[in-house]
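Worksheet: the structure to be examined is printed underneath.
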Amino acid sequence: MTGFQELGGKAVVLDRANVDTDQIIPKQFLKRIEKTGFGKFLFYDWRYKAEGVPNEEFVLNKPENQGATILIANENFGCGSSREHAPWALLDYGFKAVIAPSFADIFKQNCLKNGILPIVLQEEEVKLLIAKGKEKAVILHIDLVEQKVTDHEGFKATFPISDYWKTMLVNGWDEIEITLQLDAKISAYEQANNL
Amino acid sequence: MGKSIVDKIWERHIVHKEAGKPDLLYIDLHLVHEVTSPQAFSGLRMKNRKVRRPDKTFATMDHNVPTINRQQIDDQVALNQMTTLEKNCREFGIELAGINSPEQGIVHVIGPELGLTQPGKTIVCGDSHTSTHGAFGALAFGIGTSEVEHVLATQTLWQSKPKTMKLEINGALANGVTAKDVILYVLANYGIKFGTGYVIEYCGDVIKNLSMEERMTICNMSIEGGARAGLVSPDETTFSYLRGRKHVPKGEIFDQYVENWKALASDEDAEYDKVIEIDGSDIAPMVSWGTNPSMTAKVDGSIPTEAECTTELEKESLARALAYMGLKEGQKIQDIRIQHVFIGSCTNSRIEDIRAAAEIVKGKRVHPGVRALVVPGSQFVKRTAEEEGLNRIFEEAGFEWRDAGCSMCLSMNADVVPSGEHCASTSNRNFEGRQGAGARTHLVSPQMAAAAALNGHFVDIRNLNKVEAL
């Protein structure tokens, strides 16, 4: 994972609440044993009609939304199954951040572990972005260090993130590598507890 | 101030604590299945890392496996995932209950069955329904594949302590009301994110009087309310379920374990971040009508109307769900016709579920035009049911009797509901496309599913019982 301090790009609006991971990546695509190549299956049942014909009504298929790197959605995004294939699909498609008023816990963790930034903004702020995004393409700038989302038209919002995850993402650190440095402590715990 | 069971388990498992960081928690049991593990093993291999404690890791295959003619697997991609798990377990020295093992089954059914699941343990699995194991007073939660890799490599996880919620259900359940109805009722009333950020502790008279299998059904669906984990303080019901199971110590050591486990139960004066109280006598048999588990009504009720929605978002969600489900606002639940019945999944596929469904089916016939499946949760459940002759009851009624697996809960294998058709399902999720593209799922208890199979639509099993009593 490579570290980053800021992100920028076109945002696309998926104005739905409770988008579950079965919608983000349907189960028939979970049989592969790689982490890559899931982008073409992202939101498959919404993106395509029967026999793989693109559904032109779906936001990701609209010409003006091509090349989007930020997804804006409604509350409780990523609920349901723990499948990490969901962030893998988002990442492979090109998304680097998701903005929503709230996220499901496991999905949020899975995003962070893959370098996707799950940004929680106030409900009113997300509403404003959704309204803007429905009119025309929104270009957002995300500053991870300052924890700020801005656009060129005066939109400004701050988002929470723990110091732990900010440091991990800025540096692109491997969590396992960090934990393995505590190997002696883990062994001591095992000994003390007869494990 | 007293401590809750979550506080106690958490404290016992901290390996490393440092300001500004989550706690590093030790993991006692890591369950692995074929779908969410291959990339984790590849990750280990790429960095030349080992599995730290293969003896605390246990694998099975359940999501992909066929439930019929399992000697011949036509889906080459699924087969590759299964053989990959076999290869990974061999290479890293992990015990595997493979497709031909007598211990094979849904990971959340076999963990408790084999006695791997025990009070006080931290248990993880790359599957959101890991919350099931909380029924034993374990802290059990689902993780993603990166975390699977982390646990394989280190036997630990970085975790921030979740908030705690006490969900107390008092009173008594009416005849015909099951554990499944309890959790569906909770979701119908509190929604699908009321538990986000929390571990739910279920307690009260209703929970106390439930069997272990019933408690598992409730804990299983904690994640449907957004809670990564749900649990029940261990008691005599827990201990007598565990006594004599394969991976549970025997004799005097067992008695010592029990003393230890007793001390885990939440203190009377434990404090919680949130408390919810529910009157058990208000719960009825429940049926989901929409596209998430909170879109659920009592069997003698109706689908809500647009006029009852309080927000725009709610209105939109109702309209979308009804369009997908092919149903109308205000429609009576008992008027919904079904073409498929699925009795199975980590929520409701244990022997008590199979017995309860069989009791309703006995001597009757599946309604013409309904396809009905019973998929036991494990090969052990299957054998037990067959010893009791339950398979014959189902087969004579026109049900199909299958081998163990996740099957039609998520339809990764060939057990799929066709587009536009309705399925009465004992599983846990009714999301769009969950049982097949365009499939329309209705979540119910095993008894309600069995009764729907016989009638071709939903019926109130409380009335069924009354008729029989006459």
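Lettering and numbering for the structure tokens are positional, with chains as A, B, ... in the shown order, residues counted from 1 in each chain, and ligands counted from 1 in the shown order.
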Please provide the set of residues having any atom within 10 Å of region 146-152 of chain A, restricted to only C-alpha atoms, with same-chain residues fewer than 3 positions apart removed, written as a PyMOL selection string.
-> chain A and resi 5-9+99+119+121+129+138-143+155-161+166
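Counting only C-alpha atoms, every residue of chain B that comes within 6 Å of chain A is listed here: Lys21, Pro38, Gln39, Ala78, Asp127, Ser128, Gly144, Thr145, His150 and Met412 of chain B.
Among the candidate residues A:Leu42, A:Val12, A:Val145, A:Ile24, the one lying nearest to Pro63 (chain A) is A:Val12, with distances computed using only C-alpha atoms.
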Contact residues around region 287-295 of chain B with only C-alpha atoms at 6 Å, ignoring same-chain residues under 3 positions, as an MDAnalysis selection string | chainID B and resid 187:188 191:192 299 321 430:432 442:444
